[in-house]
>>> print(open('work.txt').read())   # compact mmCIF, N, CA and C atoms
# COMPACT_ATOMS: atom_id res chain seq x y z
N MET B 1404 21.80 -82.93 18.12
CA MET B 1404 20.43 -82.97 17.66
C MET B 1404 19.52 -82.69 18.85
N TYR B 1405 18.48 -81.92 18.61
CA TYR B 1405 17.51 -81.55 19.62
C TYR B 1405 16.11 -81.85 19.10
N LEU B 1406 15.15 -81.98 20.01
CA LEU B 1406 13.75 -82.06 19.65
C LEU B 1406 13.07 -80.82 20.22
N ALA B 1407 12.20 -80.21 19.44
CA ALA B 1407 11.50 -79.01 19.89
C ALA B 1407 10.03 -79.09 19.50
N GLN B 1408 9.15 -78.79 20.47
CA GLN B 1408 7.73 -78.67 20.15
C GLN B 1408 7.47 -77.18 19.96
N VAL B 1409 6.88 -76.83 18.80
CA VAL B 1409 6.69 -75.44 18.45
C VAL B 1409 5.23 -75.15 18.12
N HIS B 1410 4.87 -73.87 18.23
CA HIS B 1410 3.54 -73.42 17.81
C HIS B 1410 3.50 -73.40 16.29
N GLY B 1411 2.40 -73.87 15.71
CA GLY B 1411 2.23 -73.83 14.27
C GLY B 1411 3.08 -74.85 13.55
N SER B 1412 3.24 -74.61 12.24
CA SER B 1412 4.07 -75.48 11.42
C SER B 1412 4.83 -74.64 10.42
N PRO B 1413 6.15 -74.68 10.46
CA PRO B 1413 6.94 -73.90 9.50
C PRO B 1413 6.91 -74.49 8.10
N PHE B 1414 6.20 -75.60 7.88
CA PHE B 1414 6.23 -76.29 6.60
C PHE B 1414 4.96 -76.10 5.77
N PHE B 1415 4.02 -75.29 6.22
CA PHE B 1415 2.77 -75.14 5.49
C PHE B 1415 2.96 -74.58 4.08
N LYS B 1416 3.92 -73.73 3.88
CA LYS B 1416 4.11 -73.11 2.57
C LYS B 1416 5.07 -73.89 1.68
N SER B 1417 5.50 -75.04 2.14
CA SER B 1417 6.51 -75.78 1.41
C SER B 1417 6.32 -77.27 1.61
N ASN B 1418 6.71 -78.04 0.63
CA ASN B 1418 6.67 -79.50 0.76
C ASN B 1418 8.04 -80.07 1.12
N GLU B 1419 8.99 -79.21 1.39
CA GLU B 1419 10.32 -79.66 1.76
C GLU B 1419 10.29 -80.35 3.11
N LYS B 1420 11.16 -81.32 3.29
CA LYS B 1420 11.24 -82.03 4.55
C LYS B 1420 12.20 -81.34 5.53
N PHE B 1421 13.19 -80.63 4.99
CA PHE B 1421 14.17 -79.92 5.81
C PHE B 1421 14.16 -78.44 5.46
N ILE B 1422 14.39 -77.61 6.46
CA ILE B 1422 14.58 -76.17 6.25
C ILE B 1422 15.87 -75.80 6.98
N THR B 1423 16.73 -75.04 6.34
CA THR B 1423 17.94 -74.54 6.99
C THR B 1423 17.82 -73.03 7.13
N ILE B 1424 17.95 -72.56 8.35
CA ILE B 1424 17.85 -71.13 8.66
C ILE B 1424 19.28 -70.62 8.84
N THR B 1425 19.66 -69.62 8.05
CA THR B 1425 21.03 -69.11 8.11
C THR B 1425 21.08 -67.62 8.47
N THR B 1426 19.97 -67.09 8.94
CA THR B 1426 19.92 -65.68 9.30
C THR B 1426 20.87 -65.40 10.47
N PRO B 1427 21.74 -64.38 10.35
CA PRO B 1427 22.66 -64.08 11.45
C PRO B 1427 21.92 -63.59 12.69
N ILE B 1428 22.48 -63.84 13.87
CA ILE B 1428 21.90 -63.34 15.11
C ILE B 1428 22.96 -62.58 15.89
N MET B 1429 22.47 -61.76 16.83
CA MET B 1429 23.35 -60.92 17.62
C MET B 1429 22.67 -60.58 18.95
N HIS B 1430 23.45 -60.18 19.94
CA HIS B 1430 22.87 -59.72 21.21
C HIS B 1430 22.04 -58.46 20.99
N HIS B 1431 20.91 -58.39 21.69
CA HIS B 1431 20.05 -57.21 21.62
C HIS B 1431 20.75 -56.04 22.29
N ARG B 1432 20.59 -54.87 21.74
CA ARG B 1432 21.29 -53.69 22.22
C ARG B 1432 20.89 -53.28 23.65
N PHE B 1433 19.60 -53.41 23.99
CA PHE B 1433 19.12 -52.93 25.28
C PHE B 1433 18.77 -54.04 26.27
N ASP B 1434 18.71 -55.28 25.82
CA ASP B 1434 18.29 -56.38 26.69
C ASP B 1434 19.32 -57.50 26.64
N ASP B 1435 20.14 -57.60 27.69
CA ASP B 1435 21.21 -58.61 27.74
C ASP B 1435 20.69 -60.04 27.69
N GLN B 1436 19.42 -60.25 28.02
CA GLN B 1436 18.84 -61.59 28.04
C GLN B 1436 18.38 -62.07 26.67
N LYS B 1437 18.36 -61.19 25.67
CA LYS B 1437 17.80 -61.55 24.36
C LYS B 1437 18.83 -61.47 23.24
N MET B 1438 18.55 -62.27 22.23
CA MET B 1438 19.27 -62.19 20.96
C MET B 1438 18.26 -61.69 19.93
N ILE B 1439 18.73 -61.15 18.82
CA ILE B 1439 17.85 -60.75 17.73
C ILE B 1439 18.38 -61.30 16.41
N VAL B 1440 17.47 -61.45 15.47
CA VAL B 1440 17.81 -61.87 14.12
C VAL B 1440 18.12 -60.61 13.31
N ILE B 1441 19.19 -60.64 12.55
CA ILE B 1441 19.55 -59.51 11.69
C ILE B 1441 19.10 -59.85 10.27
N SER B 1442 17.94 -59.32 9.88
CA SER B 1442 17.41 -59.65 8.56
C SER B 1442 17.58 -58.51 7.55
N ASP B 1443 17.78 -57.27 8.03
CA ASP B 1443 18.05 -56.17 7.11
C ASP B 1443 18.80 -55.05 7.84
N GLU B 1444 19.11 -54.01 7.14
CA GLU B 1444 19.95 -52.93 7.68
C GLU B 1444 19.34 -52.25 8.90
N LYS B 1445 18.01 -52.08 8.94
CA LYS B 1445 17.40 -51.39 10.09
C LYS B 1445 17.59 -52.16 11.39
N ASP B 1446 17.72 -53.49 11.31
CA ASP B 1446 17.94 -54.29 12.50
C ASP B 1446 19.29 -53.98 13.15
N LYS B 1447 20.23 -53.50 12.39
CA LYS B 1447 21.56 -53.24 12.92
C LYS B 1447 21.57 -52.12 13.96
N ASN B 1448 20.51 -51.31 14.04
CA ASN B 1448 20.42 -50.27 15.07
C ASN B 1448 20.13 -50.85 16.44
N GLN B 1449 19.67 -52.10 16.50
CA GLN B 1449 19.26 -52.71 17.75
C GLN B 1449 20.30 -53.67 18.32
N TRP B 1450 21.38 -53.91 17.64
CA TRP B 1450 22.31 -54.92 18.10
C TRP B 1450 23.61 -54.35 18.59
N ARG B 1451 24.36 -55.22 19.22
CA ARG B 1451 25.71 -54.86 19.68
C ARG B 1451 26.58 -56.10 19.68
N TRP B 1452 27.84 -55.91 19.85
CA TRP B 1452 28.83 -56.97 19.90
C TRP B 1452 28.96 -57.70 18.57
N GLU B 1453 29.28 -58.96 18.63
CA GLU B 1453 29.63 -59.73 17.44
C GLU B 1453 28.41 -60.29 16.70
N LEU B 1454 28.47 -60.21 15.38
CA LEU B 1454 27.44 -60.81 14.52
C LEU B 1454 27.80 -62.28 14.34
N HIS B 1455 26.87 -63.17 14.62
CA HIS B 1455 27.12 -64.61 14.54
C HIS B 1455 26.51 -65.18 13.26
N GLN B 1456 27.36 -65.71 12.38
CA GLN B 1456 26.92 -66.40 11.17
C GLN B 1456 26.84 -67.88 11.52
N LEU B 1457 25.64 -68.43 11.49
CA LEU B 1457 25.44 -69.81 11.89
C LEU B 1457 24.25 -70.40 11.17
N SER B 1458 24.00 -71.68 11.36
CA SER B 1458 22.85 -72.28 10.70
C SER B 1458 22.14 -73.25 11.63
N THR B 1459 20.82 -73.32 11.44
CA THR B 1459 19.95 -74.23 12.18
C THR B 1459 19.13 -74.98 11.16
N THR B 1460 19.21 -76.31 11.16
CA THR B 1460 18.44 -77.12 10.23
C THR B 1460 17.33 -77.82 11.01
N ILE B 1461 16.11 -77.73 10.47
CA ILE B 1461 14.97 -78.36 11.14
C ILE B 1461 14.29 -79.35 10.21
N GLU B 1462 13.75 -80.40 10.83
CA GLU B 1462 13.01 -81.43 10.10
C GLU B 1462 11.70 -81.65 10.83
N LEU B 1463 10.60 -81.69 10.10
CA LEU B 1463 9.30 -81.95 10.69
C LEU B 1463 9.17 -83.43 11.03
N ILE B 1464 8.89 -83.74 12.30
CA ILE B 1464 8.64 -85.12 12.73
C ILE B 1464 7.14 -85.39 12.73
N SER B 1465 6.37 -84.46 13.32
CA SER B 1465 4.92 -84.62 13.34
C SER B 1465 4.24 -83.27 13.51
N TYR B 1466 2.97 -83.23 13.12
CA TYR B 1466 2.17 -82.01 13.25
C TYR B 1466 0.82 -82.40 13.83
N ASP B 1467 0.40 -81.74 14.91
CA ASP B 1467 -0.90 -81.96 15.54
C ASP B 1467 -1.81 -80.82 15.10
N ARG B 1468 -2.67 -81.09 14.14
CA ARG B 1468 -3.55 -80.06 13.58
C ARG B 1468 -4.49 -79.50 14.64
N LYS B 1469 -4.98 -80.36 15.55
CA LYS B 1469 -5.93 -79.93 16.58
C LYS B 1469 -5.30 -78.89 17.52
N LYS B 1470 -4.06 -79.12 17.93
CA LYS B 1470 -3.35 -78.20 18.83
C LYS B 1470 -2.55 -77.15 18.07
N ASN B 1471 -2.41 -77.32 16.75
CA ASN B 1471 -1.58 -76.45 15.91
C ASN B 1471 -0.15 -76.38 16.45
N ARG B 1472 0.42 -77.57 16.68
CA ARG B 1472 1.79 -77.67 17.17
C ARG B 1472 2.56 -78.69 16.34
N SER B 1473 3.84 -78.44 16.20
CA SER B 1473 4.72 -79.36 15.46
C SER B 1473 5.82 -79.86 16.37
N LEU B 1474 6.28 -81.07 16.09
CA LEU B 1474 7.47 -81.61 16.73
C LEU B 1474 8.57 -81.60 15.68
N LEU B 1475 9.68 -80.95 16.01
CA LEU B 1475 10.78 -80.78 15.06
C LEU B 1475 12.05 -81.43 15.57
N ARG B 1476 12.83 -81.97 14.66
CA ARG B 1476 14.20 -82.39 14.94
C ARG B 1476 15.07 -81.20 14.53
N VAL B 1477 15.93 -80.76 15.42
CA VAL B 1477 16.72 -79.55 15.19
C VAL B 1477 18.20 -79.89 15.27
N MET B 1478 18.96 -79.47 14.25
CA MET B 1478 20.41 -79.65 14.25
C MET B 1478 21.05 -78.28 14.06
N ILE B 1479 22.08 -78.01 14.86
CA ILE B 1479 22.70 -76.69 14.78
C ILE B 1479 24.16 -76.80 14.35
N TYR B 1480 24.62 -75.73 13.72
CA TYR B 1480 26.03 -75.57 13.39
C TYR B 1480 26.53 -74.36 14.15
N LYS B 1481 27.57 -74.48 14.87
CA LYS B 1481 28.25 -73.49 15.69
C LYS B 1481 27.72 -73.47 17.11
N GLY B 1482 26.46 -73.21 17.34
CA GLY B 1482 25.89 -73.24 18.68
C GLY B 1482 26.14 -71.98 19.50
N ILE B 1483 25.27 -71.02 19.35
CA ILE B 1483 25.32 -69.75 20.08
C ILE B 1483 24.12 -69.71 21.03
N ARG B 1484 24.27 -69.03 22.14
CA ARG B 1484 23.18 -68.88 23.12
C ARG B 1484 21.89 -68.44 22.44
N HIS B 1485 20.81 -69.14 22.69
CA HIS B 1485 19.47 -68.85 22.18
C HIS B 1485 19.31 -69.09 20.68
N GLN B 1486 20.29 -69.70 20.04
CA GLN B 1486 20.24 -69.89 18.58
C GLN B 1486 18.97 -70.58 18.12
N ILE B 1487 18.64 -71.71 18.72
CA ILE B 1487 17.46 -72.47 18.30
C ILE B 1487 16.21 -71.65 18.57
N ARG B 1488 16.12 -71.06 19.74
CA ARG B 1488 14.93 -70.30 20.13
C ARG B 1488 14.66 -69.13 19.18
N ILE B 1489 15.69 -68.36 18.87
CA ILE B 1489 15.49 -67.16 18.04
C ILE B 1489 15.30 -67.54 16.57
N HIS B 1490 15.98 -68.57 16.09
CA HIS B 1490 15.79 -68.99 14.71
C HIS B 1490 14.38 -69.54 14.50
N LEU B 1491 13.87 -70.35 15.43
CA LEU B 1491 12.52 -70.87 15.27
C LEU B 1491 11.49 -69.75 15.35
N LYS B 1492 11.69 -68.80 16.25
CA LYS B 1492 10.78 -67.64 16.33
C LYS B 1492 10.80 -66.86 15.02
N SER B 1493 11.97 -66.73 14.41
CA SER B 1493 12.10 -65.91 13.20
C SER B 1493 11.34 -66.48 12.01
N ILE B 1494 11.02 -67.78 12.03
CA ILE B 1494 10.24 -68.37 10.93
C ILE B 1494 8.79 -68.59 11.34
N GLY B 1495 8.38 -68.00 12.46
CA GLY B 1495 6.99 -68.08 12.89
C GLY B 1495 6.63 -69.36 13.61
N ALA B 1496 7.61 -70.02 14.22
CA ALA B 1496 7.37 -71.27 14.95
C ALA B 1496 8.07 -71.24 16.30
N PRO B 1497 7.62 -70.35 17.23
CA PRO B 1497 8.29 -70.27 18.52
C PRO B 1497 8.08 -71.55 19.34
N ILE B 1498 9.04 -71.85 20.20
CA ILE B 1498 8.99 -73.04 21.04
C ILE B 1498 7.86 -72.90 22.06
N VAL B 1499 7.09 -73.97 22.24
CA VAL B 1499 6.00 -73.99 23.21
C VAL B 1499 6.57 -73.79 24.61
N GLY B 1500 6.01 -72.85 25.35
CA GLY B 1500 6.44 -72.58 26.72
C GLY B 1500 7.62 -71.64 26.86
N ASP B 1501 8.16 -71.14 25.75
CA ASP B 1501 9.31 -70.23 25.81
C ASP B 1501 8.81 -68.85 26.24
N LYS B 1502 9.14 -68.46 27.47
CA LYS B 1502 8.65 -67.20 28.02
C LYS B 1502 9.37 -65.99 27.45
N LEU B 1503 10.57 -66.17 26.93
CA LEU B 1503 11.34 -65.04 26.42
C LEU B 1503 11.00 -64.74 24.96
N TYR B 1504 10.89 -65.76 24.12
CA TYR B 1504 10.66 -65.57 22.69
C TYR B 1504 9.30 -66.06 22.21
N GLY B 1505 8.55 -66.75 23.06
CA GLY B 1505 7.26 -67.31 22.66
C GLY B 1505 6.14 -66.28 22.72
N PRO B 1506 4.96 -66.70 22.27
CA PRO B 1506 3.81 -65.79 22.29
C PRO B 1506 3.36 -65.53 23.73
N LYS B 1507 2.82 -64.35 23.96
CA LYS B 1507 2.28 -64.02 25.27
C LYS B 1507 0.96 -64.76 25.43
N PRO B 1508 0.68 -65.31 26.63
CA PRO B 1508 -0.59 -66.03 26.81
C PRO B 1508 -1.76 -65.06 26.75
N PRO B 1509 -2.91 -65.54 26.25
CA PRO B 1509 -4.10 -64.69 26.24
C PRO B 1509 -4.48 -64.32 27.67
N ILE B 1510 -5.14 -63.18 27.84
CA ILE B 1510 -5.55 -62.72 29.17
C ILE B 1510 -6.35 -63.80 29.89
N SER B 1511 -7.17 -64.54 29.17
CA SER B 1511 -8.00 -65.57 29.80
C SER B 1511 -7.17 -66.71 30.37
N ASP B 1512 -5.92 -66.86 29.94
CA ASP B 1512 -5.07 -67.93 30.44
C ASP B 1512 -4.26 -67.53 31.68
N ILE B 1513 -4.35 -66.28 32.07
CA ILE B 1513 -3.58 -65.80 33.21
C ILE B 1513 -4.37 -66.08 34.49
N LEU B 1514 -3.70 -66.59 35.52
CA LEU B 1514 -4.33 -66.90 36.79
C LEU B 1514 -4.56 -65.60 37.56
N HIS B 1515 -5.78 -65.44 38.06
CA HIS B 1515 -6.12 -64.25 38.86
C HIS B 1515 -6.65 -64.69 40.22
N LEU B 1516 -6.32 -63.95 41.27
CA LEU B 1516 -6.87 -64.20 42.61
C LEU B 1516 -8.22 -63.53 42.67
N ARG B 1517 -9.25 -64.30 43.01
CA ARG B 1517 -10.60 -63.75 43.09
C ARG B 1517 -10.94 -63.34 44.51
N SER B 1518 -10.52 -64.14 45.47
CA SER B 1518 -10.78 -63.79 46.88
C SER B 1518 -9.77 -64.49 47.76
N ILE B 1519 -9.61 -64.00 48.94
CA ILE B 1519 -8.71 -64.61 49.91
C ILE B 1519 -9.38 -64.55 51.27
N GLY B 1520 -9.15 -65.50 52.09
CA GLY B 1520 -9.75 -65.52 53.41
C GLY B 1520 -8.91 -66.34 54.38
N MET B 1521 -9.26 -66.27 55.64
CA MET B 1521 -8.54 -67.02 56.67
C MET B 1521 -9.56 -67.80 57.48
N LYS B 1522 -9.20 -68.97 57.90
CA LYS B 1522 -10.06 -69.79 58.75
C LYS B 1522 -9.44 -69.99 60.09
>>> encode(input="work.txt", output="structure tokens")
Amino acid sequence: MYLAQVHGSPFFKSNEKFITITTPIMHHRFDDQKMIVISDEKDKNQWRWELHQLSTTIELISYDRKKNRSLLRVMIYKGIRHQIRIHLKSIGAPIVGDKLYGPKPPISDILHLRSIGMK
């Protein structure tokens, strides 16, 4: 069992307490660091190696409307690299702070050097 803080809430369209994600995942064809979800035939052009049939079950623990973030209890079956991260992203709830699968920060959130000097 894992706990994950995610952007948004995967439960807005449903009153269910649990959601099970069974979408297969696979290594990305061009990026060894990423996995992809295989949701239809066109996705098969981007993958390589073995197709992983697995499941991720999530339960909503809490939702912070002000921050638009949810805390989820996550249970996995099989356990493949990046399984939780890619499954949560695939339902529109990427993990907060995930630099590989999460949303890109707005330009205003990026640190910029304005000036430099020596004393």
>>> select_by_dssp(input="work.txt", residues="stretch 1445-1492 of chain B", states="helix (DSSP H, G or I)", output="list of chain:residue names")
B:Lys1445, B:Asp1446, B:Lys1447, B:Asn1448, B:Gln1449, B:Gln1486, B:Ile1487, B:Arg1488, B:Ile1489, B:His1490, B:Leu1491, B:Lys1492
>>> write_last_selection(input="work.txt", atoms="N, CA and C atoms", output="PDB file, in the coordinates of the input")
ATOM      1  N   LYS B1445      18.010 -52.080   8.940  1.00  0.00           N
ATOM      2  CA  LYS B1445      17.400 -51.390  10.090  1.00  0.00           C
ATOM      3  C   LYS B1445      17.590 -52.160  11.390  1.00  0.00           C
ATOM      4  N   ASP B1446      17.720 -53.490  11.310  1.00  0.00           N
ATOM      5  CA  ASP B1446      17.940 -54.290  12.500  1.00  0.00           C
ATOM      6  C   ASP B1446      19.290 -53.980  13.150  1.00  0.00           C
ATOM      7  N   LYS B1447      20.230 -53.500  12.390  1.00  0.00           N
ATOM      8  CA  LYS B1447      21.560 -53.240  12.920  1.00  0.00           C
ATOM      9  C   LYS B1447      21.570 -52.120  13.960  1.00  0.00           C
ATOM     10  N   ASN B1448      20.510 -51.310  14.040  1.00  0.00           N
ATOM     11  CA  ASN B1448      20.420 -50.270  15.070  1.00  0.00           C
ATOM     12  C   ASN B1448      20.130 -50.850  16.440  1.00  0.00           C
ATOM     13  N   GLN B1449      19.670 -52.100  16.500  1.00  0.00           N
ATOM     14  CA  GLN B1449      19.260 -52.710  17.750  1.00  0.00           C
ATOM     15  C   GLN B1449      20.300 -53.670  18.320  1.00  0.00           C
ATOM     16  N   GLN B1486      20.290 -69.700  20.040  1.00  0.00           N
ATOM     17  CA  GLN B1486      20.240 -69.890  18.580  1.00  0.00           C
ATOM     18  C   GLN B1486      18.970 -70.580  18.120  1.00  0.00           C
ATOM     19  N   ILE B1487      18.640 -71.710  18.720  1.00  0.00           N
ATOM     20  CA  ILE B1487      17.460 -72.470  18.300  1.00  0.00           C
ATOM     21  C   ILE B1487      16.210 -71.650  18.570  1.00  0.00           C
ATOM     22  N   ARG B1488      16.120 -71.060  19.740  1.00  0.00           N
ATOM     23  CA  ARG B1488      14.930 -70.300  20.130  1.00  0.00           C
ATOM     24  C   ARG B1488      14.660 -69.130  19.180  1.00  0.00           C
ATOM     25  N   ILE B1489      15.690 -68.360  18.870  1.00  0.00           N
ATOM     26  CA  ILE B1489      15.490 -67.160  18.040  1.00  0.00           C
ATOM     27  C   ILE B1489      15.300 -67.540  16.570  1.00  0.00           C
ATOM     28  N   HIS B1490      15.980 -68.570  16.090  1.00  0.00           N
ATOM     29  CA  HIS B1490      15.790 -68.990  14.710  1.00  0.00           C
ATOM     30  C   HIS B1490      14.380 -69.540  14.500  1.00  0.00           C
ATOM     31  N   LEU B1491      13.870 -70.350  15.430  1.00  0.00           N
ATOM     32  CA  LEU B1491      12.520 -70.870  15.270  1.00  0.00           C
ATOM     33  C   LEU B1491      11.490 -69.750  15.350  1.00  0.00           C
ATOM     34  N   LYS B1492      11.690 -68.800  16.250  1.00  0.00           N
ATOM     35  CA  LYS B1492      10.780 -67.640  16.330  1.00  0.00           C
ATOM     36  C   LYS B1492      10.800 -66.860  15.020  1.00  0.00           C
TER      37      LYS B1492
END
>>> closest_residue(input="work.txt", among="B:Arg1476, B:Lys1502, B:Arg1484, B:Lys1507", to="B:Ala1407", atoms="only N, CA and C atoms")
B:Arg1476
>>> atom_distance(input="work.txt", atom1="atom CA of B:Lys1437", atom2="atom CA of B:Ser1465")
28.6 Å
>>> atom_distance(input="work.txt", atom1="atom CA of B:Leu1406", atom2="atom N of B:Leu1454")
26.7 Å
>>> select_by_dssp(input="work.txt", residues="stretch 1444-1493 of chain B", states="strand (DSSP E or B)", output="PyMOL selection string")
chain B and resi 1450-1455+1458-1467+1472-1480
>>> residues_around(input="work.txt", residues="B:Thr1426", least_positions_apart="6", cutoff="7 Å", atoms="only C-alpha atoms", output="PyMOL selection string")
chain B and resi 1440-1442
>>> atom_distance(input="work.txt", atom1="atom N of B:Met1429", atom2="atom C of B:Asn1471")
26.9 Å
>>> closest_residue(input="work.txt", among="B:Gly1495, B:Tyr1466, B:Pro1427, B:Asp1501", to="B:Ile1483", atoms="only C-alpha atoms")
B:Pro1427
>>> closest_residue(input="work.txt", among="B:His1430, B:Ile1422, B:Ala1496, B:Ile1489", to="B:Arg1472", atoms="only C-alpha atoms")
B:Ala1496
